file entry33.cif (mmCIF, C-alpha atoms)
data_final
loop_
_atom_site.label_atom_id
_atom_site.label_comp_id
_atom_site.auth_asym_id
_atom_site.auth_seq_id
_atom_site.Cartn_x
_atom_site.Cartn_y
_atom_site.Cartn_z
CA MET A 8 0.00 0.00 0.00
CA ASN A 9 1.33 3.46 -0.94
CA ALA A 10 2.18 5.83 1.92
CA LEU A 11 0.00 8.90 2.38
CA PRO A 12 1.45 12.07 0.83
CA SER A 13 3.05 14.52 3.26
CA VAL A 14 1.32 17.93 3.02
CA ILE A 15 2.03 21.25 4.76
CA LEU A 16 -0.47 24.13 4.94
CA VAL A 17 0.73 27.68 5.68
CA ASP A 18 -2.11 30.19 6.15
CA ASP A 19 -2.78 32.93 8.70
CA ASP A 20 -6.56 32.43 8.41
CA GLU A 21 -7.63 30.07 11.20
CA MET A 22 -10.87 29.18 9.40
CA ILE A 23 -8.93 28.11 6.27
CA ARG A 24 -6.66 26.00 8.44
CA ARG A 25 -9.61 24.25 10.11
CA VAL A 26 -11.46 23.64 6.85
CA CYS A 27 -8.39 22.24 5.10
CA THR A 28 -7.58 20.04 8.09
CA ARG A 29 -11.08 18.57 8.01
CA ILE A 30 -11.09 18.03 4.23
CA LEU A 31 -7.65 16.40 4.08
CA ALA A 32 -8.06 14.28 7.21
CA GLY A 33 -7.15 10.66 6.44
CA LYS A 34 -6.07 11.53 2.89
CA CYS A 35 -2.60 12.81 3.71
CA SER A 36 -0.13 13.44 6.53
CA LEU A 37 -0.87 17.11 7.30
CA ALA A 38 1.14 19.75 9.19
CA VAL A 39 -0.33 23.24 9.66
CA PHE A 40 1.46 26.58 10.27
CA SER A 41 0.11 30.12 10.59
CA SER A 42 3.12 32.04 9.21
CA ALA A 43 6.15 31.66 6.97
CA GLU A 44 8.44 32.26 9.94
CA GLU A 45 6.85 29.38 11.84
CA PHE A 46 7.04 27.24 8.71
CA PHE A 47 10.76 27.78 8.21
CA THR A 48 11.44 27.27 11.92
CA ARG A 49 9.45 24.09 12.53
CA ALA A 50 8.60 22.41 9.24
CA GLU A 51 10.20 19.08 8.32
CA LEU A 52 10.90 19.32 4.59
CA LYS A 53 12.96 16.17 4.05
CA ASN A 54 9.94 13.98 3.28
CA CYS A 55 7.50 16.75 2.38
CA ASP A 56 5.55 16.35 -0.88
CA ILE A 57 3.28 19.41 -1.18
CA VAL A 58 3.19 22.84 0.48
CA PHE A 59 0.02 24.95 0.30
CA ALA A 60 0.83 28.61 1.07
CA ASP A 61 -1.36 31.71 1.22
CA ILE A 62 -0.03 34.38 -1.14
CA ASN A 63 -0.66 37.21 1.40
CA LEU A 64 1.06 35.87 4.49
CA PRO A 65 2.16 38.48 7.02
CA GLY A 66 5.89 39.17 7.04
CA ILE A 67 7.34 36.82 4.45
CA SER A 68 4.83 36.55 1.61
CA GLY A 69 3.66 33.30 0.11
CA LEU A 70 5.62 34.00 -3.07
CA ASP A 71 8.83 34.56 -1.13
CA LEU A 72 8.07 31.40 0.86
CA ILE A 73 7.85 29.41 -2.35
CA ARG A 74 11.06 30.88 -3.74
CA ARG A 75 12.94 29.98 -0.56
CA LEU A 76 11.22 26.59 -0.42
CA LYS A 77 12.27 25.64 -3.98
CA ALA A 78 15.84 26.68 -3.21
CA ALA A 79 16.00 24.70 0.04
CA ALA A 80 13.82 21.71 -0.92
CA PRO A 81 13.36 21.50 -4.72
CA HIS A 82 11.66 18.12 -4.35
CA CYS A 83 8.62 19.79 -2.75
CA ASP A 84 5.73 20.95 -4.91
CA ALA A 85 4.07 24.25 -3.98
CA VAL A 86 0.48 25.42 -4.41
CA ILE A 87 -0.44 29.09 -3.89
CA ILE A 88 -3.72 30.00 -2.18
CA THR A 89 -5.02 33.37 -3.36
CA GLY A 90 -8.13 35.45 -3.11
CA GLU A 91 -7.30 37.38 -6.29
CA PRO A 92 -7.47 34.97 -9.22
CA THR A 93 -5.90 37.21 -11.85
CA LEU A 94 -3.74 36.14 -14.75
CA ASP A 95 -0.85 38.23 -13.44
CA ALA A 96 -1.13 36.59 -10.01
CA ALA A 97 -1.16 33.12 -11.58
CA LEU A 98 1.87 33.86 -13.79
CA THR A 99 3.75 35.38 -10.86
CA ALA A 100 3.07 32.27 -8.76
CA LEU A 101 4.22 29.94 -11.54
CA LYS A 102 7.39 31.95 -12.09
CA ALA A 103 8.11 31.73 -8.36
CA GLY A 104 8.02 27.95 -8.65
CA ALA A 105 4.40 27.08 -7.81
CA TYR A 106 2.89 23.99 -9.41
CA ASP A 107 -0.73 25.16 -9.13
CA PHE A 108 -2.96 27.63 -7.26
CA LEU A 109 -6.26 27.63 -5.36
CA THR A 110 -8.73 30.48 -5.37
CA LYS A 111 -10.50 31.44 -2.13
CA PRO A 112 -13.12 30.44 -1.26
CA PHE A 113 -12.65 26.91 -2.60
CA PRO A 114 -14.91 23.87 -2.17
CA ALA A 115 -13.60 20.60 -0.75
CA GLU A 116 -13.70 19.00 -4.19
CA GLN A 117 -11.33 21.61 -5.61
CA LEU A 118 -8.81 21.19 -2.77
CA LEU A 119 -8.91 17.42 -3.18
CA ALA A 120 -8.61 17.69 -6.97
CA VAL A 121 -5.54 19.93 -6.76
CA THR A 122 -3.98 17.61 -4.18
CA ASP A 123 -4.69 14.47 -6.24
CA ARG A 124 -3.41 16.12 -9.41
CA CYS A 125 -0.18 17.09 -7.71
CA VAL A 126 0.26 13.63 -6.17
CA GLU A 127 -0.31 12.00 -9.57
CA LYS A 128 2.18 14.36 -11.21
CA ARG A 129 4.76 13.47 -8.60
CA ARG A 130 4.13 9.77 -9.14
CA LEU A 131 4.57 10.08 -12.90
CA SER A 132 7.69 12.22 -12.45
CA ALA A 133 9.17 9.61 -10.12
CA GLU A 134 8.41 6.84 -12.61
CA LEU A 135 9.89 8.88 -15.45
CA ALA A 136 13.02 9.55 -13.40
CA ALA A 137 13.31 5.84 -12.61
CA VAL A 138 12.93 4.94 -16.29
CA LYS A 139 15.51 7.55 -17.28
CA ALA A 140 17.94 6.27 -14.66
CA ALA A 141 17.41 2.71 -15.85
CA GLN A 142 17.98 3.78 -19.46
CA GLU A 143 21.19 5.54 -18.48
CA GLU A 144 22.35 2.43 -16.63
CA LEU A 145 21.52 0.25 -19.64
CA THR A 146 23.31 2.65 -21.97
CA ALA A 147 26.39 2.63 -19.76
CA ALA A 148 26.28 -1.16 -19.43
CA TYR A 149 25.84 -1.57 -23.19
CA SER A 150 28.76 0.73 -23.83
CA GLN A 151 30.91 -1.30 -21.45
CA LEU A 152 29.73 -4.51 -23.10
CA GLN A 153 30.62 -3.18 -26.54
CA GLY A 154 34.04 -2.18 -25.25
CA ALA A 155 34.58 -5.62 -23.74
CA GLU A 156 33.41 -7.26 -26.97
CA ARG A 157 35.86 -5.19 -29.02
CA MET A 158 38.68 -6.05 -26.64
CA LYS A 159 37.76 -9.73 -26.77
CA GLU A 160 37.68 -9.79 -30.56
CA ALA A 161 40.95 -7.89 -30.79
CA PHE A 162 42.51 -10.36 -28.37
CA LEU A 163 41.19 -13.36 -30.31
CA SER A 164 42.43 -11.91 -33.58
CA VAL A 165 45.92 -11.16 -32.24
CA ILE A 166 46.23 -14.55 -30.55
CA GLY A 167 44.99 -16.33 -33.67
CA HIS A 168 47.39 -14.56 -35.98
CA GLU A 169 50.34 -14.95 -33.60
CA LEU A 170 49.74 -18.70 -33.26
CA ARG A 171 49.03 -19.26 -36.94
CA THR A 172 52.65 -18.68 -38.04
CA PRO A 173 54.37 -21.14 -35.65
CA LEU A 174 51.62 -23.69 -36.29
CA THR A 175 52.21 -23.43 -40.04
CA LYS A 176 55.89 -24.16 -39.39
CA ILE A 177 54.96 -27.21 -37.32
CA LEU A 178 52.72 -28.54 -40.09
CA SER A 179 55.47 -27.93 -42.64
CA GLY A 180 57.95 -29.75 -40.44
CA LEU A 181 55.60 -32.73 -40.11
CA SER A 182 55.28 -32.90 -43.88
CA LEU A 183 59.05 -33.02 -44.17
CA LEU A 184 59.22 -35.80 -41.57
CA GLU A 185 56.70 -37.83 -43.57
CA THR A 186 58.83 -37.57 -46.73
CA SER A 187 62.27 -37.78 -45.14
CA VAL A 188 64.58 -40.77 -45.53
CA PRO A 189 64.19 -42.72 -43.42
CA ALA A 190 60.58 -41.54 -42.88
CA ALA A 191 59.33 -40.99 -39.36
CA PRO A 192 56.89 -43.66 -38.10
CA PRO A 193 53.48 -42.80 -39.65
CA GLU A 194 51.63 -43.64 -36.43
CA ILE A 195 53.61 -40.89 -34.70
CA THR A 196 53.46 -38.28 -37.45
CA GLY A 197 49.79 -39.07 -38.06
CA ILE A 198 48.85 -38.29 -34.46
CA MET A 199 50.95 -35.14 -34.48
CA LYS A 200 49.50 -33.98 -37.80
CA ASN A 201 45.89 -34.60 -36.73
CA GLY A 202 46.46 -32.63 -33.56
CA ALA A 203 48.13 -29.78 -35.40
CA GLU A 204 45.37 -29.67 -38.03
CA ALA A 205 42.70 -29.61 -35.30
CA LEU A 206 44.52 -26.73 -33.65
CA HIS A 207 44.77 -24.99 -37.02
CA SER A 208 41.00 -25.34 -37.48
CA VAL A 209 40.38 -23.81 -34.04
CA LEU A 210 42.68 -20.88 -34.80
CA GLU A 211 40.97 -20.25 -38.14
CA ASP A 212 37.59 -20.16 -36.38
CA LEU A 213 38.92 -17.71 -33.80
CA ILE A 214 40.28 -15.42 -36.49
CA ALA A 215 37.11 -15.73 -38.59
CA TYR A 216 34.89 -14.85 -35.63
CA ALA A 217 37.06 -11.92 -34.56
CA GLU A 218 37.15 -10.50 -38.07
CA SER A 219 33.50 -11.16 -38.93
CA SER A 220 32.45 -7.85 -37.32
CA ARG A 221 34.75 -5.76 -39.49
CA GLU A 222 33.65 -3.93 -42.61
CA PRO A 223 34.57 -5.81 -45.79
CA PRO A 224 36.92 -4.28 -48.29
CA PRO A 225 34.95 -2.82 -51.22
CA ASP A 226 36.44 -5.36 -53.61
CA GLU A 227 34.80 -8.19 -51.62
CA CYS A 228 31.31 -6.84 -52.31
CA ARG A 229 30.35 -8.36 -55.63
CA ALA A 230 27.68 -10.58 -57.18
CA THR A 231 27.93 -13.95 -55.42
CA ASP A 232 26.36 -17.14 -56.81
CA LEU A 233 24.94 -19.21 -53.96
CA ASN A 234 24.59 -22.26 -56.21
CA GLU A 235 28.33 -22.18 -56.94
CA ILE A 236 29.18 -21.68 -53.26
CA VAL A 237 27.14 -24.73 -52.26
CA ARG A 238 28.83 -26.83 -54.97
CA LEU A 239 32.27 -25.81 -53.72
CA VAL A 240 31.40 -26.40 -50.05
CA CYS A 241 29.91 -29.82 -50.79
CA ALA A 242 33.01 -30.81 -52.76
CA GLY A 243 35.29 -29.55 -50.00
CA LEU A 244 33.48 -31.54 -47.30
CA SER A 245 32.86 -34.70 -49.33
CA THR A 246 35.82 -36.51 -47.77
CA ARG A 247 34.74 -35.46 -44.25
CA ALA A 248 31.22 -36.73 -44.94
CA ALA A 249 32.52 -40.03 -46.35
CA GLN A 250 34.67 -40.57 -43.25
CA ALA A 251 31.61 -40.02 -41.07
CA GLY A 252 29.49 -42.33 -43.21
CA VAL A 253 27.13 -39.49 -44.09
CA SER A 254 25.70 -38.72 -47.53
CA ILE A 255 25.19 -35.17 -48.82
CA SER A 256 22.18 -34.46 -51.02
CA ALA A 257 22.30 -31.05 -52.71
CA SER A 258 19.68 -29.27 -54.79
CA TYR A 259 20.03 -25.94 -56.51
CA SER A 260 17.90 -23.01 -57.61
CA THR A 261 17.11 -23.45 -61.30
CA GLY A 262 16.57 -19.74 -61.80
CA GLY A 263 19.88 -18.78 -60.26
CA ALA A 264 20.57 -17.40 -56.79
CA VAL A 265 22.88 -14.41 -56.95
CA VAL A 266 23.25 -11.98 -54.05
CA PRO A 267 25.66 -9.06 -53.55
CA GLY A 268 28.24 -9.50 -50.84
CA SER A 269 31.36 -11.30 -49.75
CA GLY A 270 31.80 -14.69 -51.36
CA ALA A 271 34.43 -15.63 -48.79
CA GLY A 272 32.16 -14.74 -45.89
CA ILE A 273 29.14 -16.61 -47.26
CA THR A 274 31.28 -19.63 -48.10
CA ARG A 275 32.58 -19.70 -44.53
CA ALA A 276 29.03 -19.55 -43.15
CA VAL A 277 27.71 -22.32 -45.41
CA ARG A 278 30.71 -24.53 -44.66
CA HIS A 279 30.08 -24.25 -40.92
CA LEU A 280 26.40 -25.13 -41.30
CA LEU A 281 27.10 -28.17 -43.48
CA LEU A 282 29.98 -29.31 -41.28
CA ASN A 283 27.74 -28.98 -38.24
CA ALA A 284 25.08 -31.17 -39.89
CA ILE A 285 27.66 -33.82 -40.89
CA THR A 286 29.20 -33.87 -37.41
CA PHE A 287 25.94 -34.48 -35.59
CA SER A 288 24.46 -36.99 -38.02
CA SER A 289 24.72 -40.70 -37.37
CA GLN A 290 26.48 -43.10 -39.72
CA GLY A 291 24.36 -43.90 -42.75
CA ALA A 292 22.33 -40.70 -42.47
CA THR A 293 21.78 -38.10 -45.19
CA VAL A 294 22.25 -34.35 -44.92
CA TRP A 295 20.22 -32.19 -47.31
CA ILE A 296 21.36 -28.79 -48.53
CA GLU A 297 19.13 -26.72 -50.81
CA VAL A 298 19.36 -23.34 -52.56
CA VAL A 299 16.14 -21.42 -53.22
CA SER A 300 15.58 -17.92 -54.53
CA ASP A 301 12.73 -15.48 -55.17
CA SER A 302 12.43 -11.80 -56.07
CA GLU A 303 13.26 -10.59 -52.55
CA LYS A 304 15.83 -12.98 -51.16
CA ALA A 305 17.86 -16.13 -51.65
CA ALA A 306 18.35 -18.82 -49.04
CA ILE A 307 20.45 -21.87 -48.31
CA THR A 308 18.80 -24.52 -46.15
CA VAL A 309 20.71 -27.29 -44.39
CA ARG A 310 18.68 -30.15 -42.90
CA ASP A 311 19.84 -33.15 -40.89
CA THR A 312 18.33 -36.03 -38.94
CA GLY A 313 20.64 -35.69 -35.95
CA PRO A 314 19.76 -35.53 -32.24
CA GLY A 315 18.00 -32.20 -32.63
CA ILE A 316 17.93 -29.31 -30.20
CA PRO A 317 15.50 -28.86 -27.29
CA ALA A 318 13.15 -25.92 -27.87
CA GLU A 319 14.29 -24.11 -24.73
CA LEU A 320 17.88 -24.01 -26.03
CA LEU A 321 17.18 -22.65 -29.51
CA THR A 322 17.52 -19.02 -28.45
CA CYS A 323 21.10 -19.66 -27.30
CA LEU A 324 22.24 -20.88 -30.70
CA GLY A 325 24.39 -18.34 -32.46
CA ASN A 326 25.98 -17.19 -29.22
CA PRO A 327 29.77 -17.48 -29.42
CA PHE A 328 31.44 -20.37 -27.58
CA TYR A 329 28.08 -22.09 -27.04
CA GLN A 330 27.46 -25.82 -27.35
CA VAL A 331 24.05 -27.33 -26.69
CA ALA A 332 25.46 -29.84 -24.22
CA ASP A 333 28.77 -31.00 -22.82
CA TYR A 334 28.53 -34.36 -24.53
CA LEU A 335 28.31 -32.61 -27.90
CA THR A 336 31.48 -30.71 -27.11
CA ARG A 337 33.28 -33.91 -26.25
CA LYS A 338 32.03 -35.59 -29.43
CA SER A 339 32.71 -32.85 -31.93
CA GLY A 340 35.36 -30.67 -30.35
CA GLY A 341 35.68 -27.08 -31.43
CA LEU A 342 34.82 -23.83 -29.70
CA GLY A 343 31.17 -23.48 -30.63
CA LEU A 344 31.89 -20.58 -33.01
CA GLY A 345 30.47 -22.03 -36.24
CA LEU A 346 26.88 -20.85 -35.80
CA ALA A 347 28.05 -17.53 -34.35
CA ILE A 348 30.12 -16.92 -37.48
CA ALA A 349 27.22 -17.94 -39.75
CA LYS A 350 24.85 -15.64 -37.88
CA ARG A 351 27.22 -12.68 -38.17
CA VAL A 352 27.73 -13.26 -41.87
CA ALA A 353 23.97 -13.38 -42.44
CA GLU A 354 23.36 -10.19 -40.48
CA ALA A 355 26.19 -8.43 -42.29
CA HIS A 356 24.34 -9.15 -45.54
CA ARG A 357 21.04 -7.84 -44.12
CA GLY A 358 19.91 -11.44 -43.88
CA SER A 359 19.22 -13.89 -41.11
CA LEU A 360 20.00 -17.32 -39.72
CA THR A 361 16.98 -19.24 -38.45
CA VAL A 362 16.82 -22.62 -36.75
CA THR A 363 13.94 -25.06 -36.59
CA SER A 364 14.44 -28.12 -34.42
CA ALA A 365 13.16 -30.35 -31.65
CA ALA A 366 14.87 -32.93 -29.50
CA GLY A 367 15.30 -36.19 -31.44
CA LYS A 368 13.95 -34.74 -34.71
CA GLY A 369 16.99 -33.23 -36.38
CA ALA A 370 17.48 -29.57 -37.23
CA VAL A 371 16.94 -27.20 -40.13
CA PHE A 372 19.21 -24.18 -40.54
CA ALA A 373 18.11 -21.53 -43.03
CA LEU A 374 20.63 -18.91 -44.12
CA SER A 375 18.80 -16.09 -45.93
CA PHE A 376 20.31 -13.22 -47.89
CA SER A 377 18.69 -10.08 -49.25
CA HIS A 378 19.12 -9.10 -52.86
CA SER A 379 19.85 -5.51 -51.69
CA ASP A 380 23.48 -4.45 -51.46
CA PRO A 381 24.86 -4.89 -47.90
CA CYS A 382 28.01 -2.98 -48.82
CA SER A 383 26.19 0.24 -49.68
CA ALA A 384 26.94 3.33 -47.59
CA SER A 385 23.53 3.19 -45.90
CA GLY A 386 23.77 -0.36 -44.70
CA ARG A 387 27.37 -1.47 -44.48
CA LYS A 388 28.19 -3.90 -41.74
CA GLY A 389 31.10 -6.19 -41.04
CA LEU A 390 31.42 -9.57 -42.61
#
call {"tool": "encode", "arguments": {"input": "entry33.cif", "output": "structure tokens"}}
result
Amino acid sequence: MNALPSVILVDDDEMIRRVCTRILAGKCSLAVFSSAEEFFTRAELKNCDIVFADINLPGISGLDLIRRLKAAAPHCDAVIITGEPTLDAALTALKAGAYDFLTKPFPAEQLLAVTDRCVEKRRLSAELAAVKAAQEELTAAYSQLQGAERMKEAFLSVIGHELRTPLTKILSGLSLLETSVPAAPPEITGIMKNGAEALHSVLEDLIAYAESSREPPPDECRATDLNEIVRLVCAGLSTRAAQAGVSISASYSTGGAVVPGSGAGITRAVRHLLLNAITFSSQGATVWIEVVSDSEKAAITVRDTGPGIPAELLTCLGNPFYQVADYLTRKSGGLGLGLAIAKRVAEAHRGSLTVTSAAGKGAVFALSFSHSDPCSASGRKGL
């Protein structure tokens, strides 16, 4: 239950004081004073909400009282009581800091109406201040989050690039060991090479994720054939699919599916989606990838019959470093960046990545791209 408003009445007319006390009884916490001097000496303003003051108080006038009140306690609202309801008097009261004014003699309904109106105004002002404070906090938090995100991506990019060079040397050294005379035992070099290649894949994902928020060079923004990208990705992952015992079934848009943008970025996104479907499909399963296009957009859909994703976890997909469950991480490895990269690429092309799935029923990933130019000055984003 809301606390009663705290109201102070300052009037040298005893009859006005009695009438107001009777009208406001039970509707507010009321303190009454007969002069401005008494008010400034005895009044508790810390929790005061409204001050009613007669404009013609002896000594310090009601207008001077309001001016001093607003300087000492700006949180208090003031209402002038006057027997001369002229426009000049009203304007003078408002300029002094009054919220409203009452004209003598006033009925009970008018006093209550002014009081309720002032209380409601204070309530709305408090809510507005709370909303503004919350917005400022959110803005500050968002700014800090953006700063942290930029630092994280810069760190990932630097680490990835710094590790890429020595790793390339390791892979080159392993290749020399495999062809040296006498050759190193293949069971040893094979383990070392697999580990190094897995690490190389992780580093490439880190670099791709860190750089996916950057604006693409203008020469990367060109007409990109989604049919051709799907053909290349399928060919590149055919060996991986064969090793997993998974078949790839691809279908293409007969009318063509060309969108403006970065071919490298879209290829990276499609590869991650298809690789994800292959990884989580059981042996003997089929993964379907399809290209469709209409007048507004073109899309690539990847569908599998894997374990599926519980509905309550779908909203988390696309978050960086996220895996649906620990056992998936142990099975597939990786950092959980594939879908995050695909999502960023789609958004950079003014498109989207959507997921439809249910536990035990496989998953469908749809990567949609707009036919409008994402590299134009009005809509450029990072790829």
call {"tool": "residues_near_point", "arguments": {"input": "entry33.cif", "point": "(6.6, 17.9, -4.5)", "cutoff": "7 Å", "atoms": "all atoms listed in the file", "output": "list in words"}}
result
Asp56, Ile57, His82, Cys83, Asp84, Ala85 and Arg129 of chain A
call {"tool": "atom_distance", "arguments": {"input": "entry33.cif", "atom1": "atom CA of Thr110 of chain A", "atom2": "atom CA of Arg29 of chain A"}}
result
18.1 Å
call {"tool": "resolve_selection", "arguments": {"input": "entry33.cif", "expression": "the PyMOL selection byres ((chain A and resi 102) around 12)", "output": "list in words"}}
result
Leu70, Asp71, Ile73, Arg74, Lys77, Ala85, Ile87, Asp95, Ala96, Ala97, Leu98, Thr99, Ala100, Leu101, Ala103, Gly104, Ala105, Tyr106 and Asp107 of chain A
call {"tool": "axis_aligned_box", "arguments": {"input": "entry33.cif", "around": "segment 40-52 of chain A", "padding_each_side": "6 Å", "output": "AutoDock Vina command-line options"}}
result
--center_x 5.8 --center_y 25.7 --center_z 8.6 --size_x 23.3 --size_y 25.2 --size_z 19.9
call {"tool": "resolve_selection", "arguments": {"input": "entry33.cif", "expression": "the PyMOL selection byres ((chain A and resi 278) around 10)", "output": "list in words"}}
result
Ile236, Val237, Leu239, Val240, Cys241, Gly243, Leu244, Gly272, Ile273, Thr274, Arg275, Ala276, Val277, His279, Leu280, Leu281, Leu282, Asn283, Ala284, Gly345 and Ala349 of chain A
call {"tool": "residues_around", "arguments": {"input": "entry33.cif", "residues": "segment 10-27 of chain A", "least_positions_apart": "6", "cutoff": "10 Å", "atoms": "only C-alpha atoms", "output": "PyMOL selection string"}}
result
chain A and resi 33-46+50-52+54-65+69+72+83-88+111-115+118-119+122-123+126
call {"tool": "write_last_selection", "arguments": {"input": "entry33.cif", "atoms": "C-alpha atoms", "output": "tab-separated table (two decimals), in the frame of the given file"}}
result
chain	number	residue	atom	x	y	z
A	33	GLY	CA	-7.15	10.66	6.44
A	34	LYS	CA	-6.07	11.53	2.89
A	35	CYS	CA	-2.60	12.81	3.71
A	36	SER	CA	-0.13	13.44	6.53
A	37	LEU	CA	-0.87	17.11	7.30
A	38	ALA	CA	1.14	19.75	9.19
A	39	VAL	CA	-0.33	23.24	9.66
A	40	PHE	CA	1.46	26.58	10.27
A	41	SER	CA	0.11	30.12	10.59
A	42	SER	CA	3.12	32.04	9.21
A	43	ALA	CA	6.15	31.66	6.97
A	44	GLU	CA	8.44	32.26	9.94
A	45	GLU	CA	6.85	29.38	11.84
A	46	PHE	CA	7.04	27.24	8.71
A	50	ALA	CA	8.60	22.41	9.24
A	51	GLU	CA	10.20	19.08	8.32
A	52	LEU	CA	10.90	19.32	4.59
A	54	ASN	CA	9.94	13.98	3.28
A	55	CYS	CA	7.50	16.75	2.38
A	56	ASP	CA	5.55	16.35	-0.88
A	57	ILE	CA	3.28	19.41	-1.18
A	58	VAL	CA	3.19	22.84	0.48
A	59	PHE	CA	0.02	24.95	0.30
A	60	ALA	CA	0.83	28.61	1.07
A	61	ASP	CA	-1.36	31.71	1.22
A	62	ILE	CA	-0.03	34.38	-1.14
A	63	ASN	CA	-0.66	37.21	1.40
A	64	LEU	CA	1.06	35.87	4.49
A	65	PRO	CA	2.16	38.48	7.02
A	69	GLY	CA	3.66	33.30	0.11
A	72	LEU	CA	8.07	31.40	0.86
A	83	CYS	CA	8.62	19.79	-2.75
A	84	ASP	CA	5.73	20.95	-4.91
A	85	ALA	CA	4.07	24.25	-3.98
A	86	VAL	CA	0.48	25.42	-4.41
A	87	ILE	CA	-0.44	29.09	-3.89
A	88	ILE	CA	-3.72	30.00	-2.18
A	111	LYS	CA	-10.50	31.44	-2.13
A	112	PRO	CA	-13.12	30.44	-1.26
A	113	PHE	CA	-12.65	26.91	-2.60
A	114	PRO	CA	-14.91	23.87	-2.17
A	115	ALA	CA	-13.60	20.60	-0.75
A	118	LEU	CA	-8.81	21.19	-2.77
A	119	LEU	CA	-8.91	17.42	-3.18
A	122	THR	CA	-3.98	17.61	-4.18
A	123	ASP	CA	-4.69	14.47	-6.24
A	126	VAL	CA	0.26	13.63	-6.17
call {"tool": "atom_distance", "arguments": {"input": "entry33.cif", "atom1": "atom CA of Glu297 of chain A", "atom2": "atom CA of Asp311 of chain A"}}
result
11.8 Å
call {"tool": "residues_around", "arguments": {"input": "entry33.cif", "residues": "Thr293 of chain A", "least_positions_apart": "2", "cutoff": "10 Å", "atoms": "all atoms listed in the file", "output": "list of chain:residue names"}}
result
A:Ala248, A:Gly252, A:Val253, A:Ser254, A:Ile255, A:Ser256, A:Ala284, A:Ile285, A:Ser288, A:Ser289, A:Gln290, A:Gly291, A:Trp295, A:Ile296, A:Arg310, A:Asp311, A:Thr312, A:Gly313
call {"tool": "atom_distance", "arguments": {"input": "entry33.cif", "atom1": "atom CA of Val309 of chain A", "atom2": "atom CA of Ala365 of chain A"}}
result
15.1 Å
call {"tool": "resolve_selection", "arguments": {"input": "entry33.cif", "expression": "the PyMOL selection byres ((chain A and resi 368) around 10)", "output": "count of residues only"}}
result
15
call {"tool": "closest_residue", "arguments": {"input": "entry33.cif", "among": "A:Glu194, A:Phe47, A:Ala353, A:Ile177", "to": "Leu76 of chain A", "atoms": "all atoms listed in the file"}}
result
A:Phe47
call {"tool": "closest_residue", "arguments": {"input": "entry33.cif", "among": "A:Met158, A:Ala141, A:Val265, A:Ala271", "to": "Asp301 of chain A", "atoms": "only C-alpha atoms"}}
result
A:Val265
call {"tool": "residues_around", "arguments": {"input": "entry33.cif", "residues": "Leu374 of chain A", "least_positions_apart": "4", "cutoff": "6 Å", "atoms": "all atoms listed in the file", "output": "JSON, numbers by chain"}}
result
{"A": [306, 307, 360]}
call {"tool": "residues_around", "arguments": {"input": "entry33.cif", "residues": "Gly270 of chain A", "least_positions_apart": "4", "cutoff": "9 Å", "atoms": "only C-alpha atoms", "output": "list in words"}}
result
Glu227, Cys228, Arg229, Ala230, Thr231, Asp232, Leu233, Ile236, Thr274 and Arg275 of chain A
call {"tool": "closest_residue", "arguments": {"input": "entry33.cif", "among": "A:Ala215, A:Lys200, A:Cys125, A:Ala133", "to": "Leu183 of chain A", "atoms": "all atoms listed in the file"}}
result
A:Lys200
call {"tool": "build_atoms", "arguments": {"input": "entry33.cif", "residues": "segment 46-56 of chain A", "atoms": "N, CA and C atoms", "output": "mmCIF file, in the coordinates of the input"}}
result
data_model
loop_
_atom_site.group_PDB
_atom_site.id
_atom_site.type_symbol
_atom_site.label_atom_id
_atom_site.label_comp_id
_atom_site.auth_asym_id
_atom_site.auth_seq_id
_atom_site.Cartn_x
_atom_site.Cartn_y
_atom_site.Cartn_z
ATOM 1 N N PHE A 46 6.775 28.304 9.682
ATOM 2 C CA PHE A 46 7.040 27.240 8.710
ATOM 3 C C PHE A 46 8.534 26.962 8.592
ATOM 4 N N PHE A 47 9.331 27.985 8.390
ATOM 5 C CA PHE A 47 10.760 27.780 8.210
ATOM 6 C C PHE A 47 11.454 27.350 9.501
ATOM 7 N N THR A 48 10.841 27.642 10.640
ATOM 8 C CA THR A 48 11.440 27.270 11.920
ATOM 9 C C THR A 48 11.127 25.821 12.287
ATOM 10 N N ARG A 49 9.898 25.383 11.994
ATOM 11 C CA ARG A 49 9.450 24.090 12.530
ATOM 12 C C ARG A 49 9.190 23.011 11.478
ATOM 13 N N ALA A 50 9.012 23.390 10.251
ATOM 14 C CA ALA A 50 8.600 22.410 9.240
ATOM 15 C C ALA A 50 9.702 21.406 8.931
ATOM 16 N N GLU A 51 9.303 20.150 8.763
ATOM 17 C CA GLU A 51 10.200 19.080 8.320
ATOM 18 C C GLU A 51 10.023 18.906 6.819
ATOM 19 N N LEU A 52 11.022 19.313 6.050
ATOM 20 C CA LEU A 52 10.900 19.320 4.590
ATOM 21 C C LEU A 52 11.504 18.096 3.908
ATOM 22 N N LYS A 53 12.230 17.288 4.666
ATOM 23 C CA LYS A 53 12.960 16.170 4.050
ATOM 24 C C LYS A 53 12.017 15.246 3.285
ATOM 25 N N ASN A 54 10.876 14.912 3.912
ATOM 26 C CA ASN A 54 9.940 13.980 3.280
ATOM 27 C C ASN A 54 8.658 14.678 2.833
ATOM 28 N N CYS A 55 8.694 15.999 2.750
ATOM 29 C CA CYS A 55 7.500 16.750 2.380
ATOM 30 C C CYS A 55 7.228 16.619 0.880
ATOM 31 N N ASP A 56 5.944 16.466 0.520
ATOM 32 C CA ASP A 56 5.550 16.350 -0.880
ATOM 33 C C ASP A 56 4.955 17.653 -1.419
#
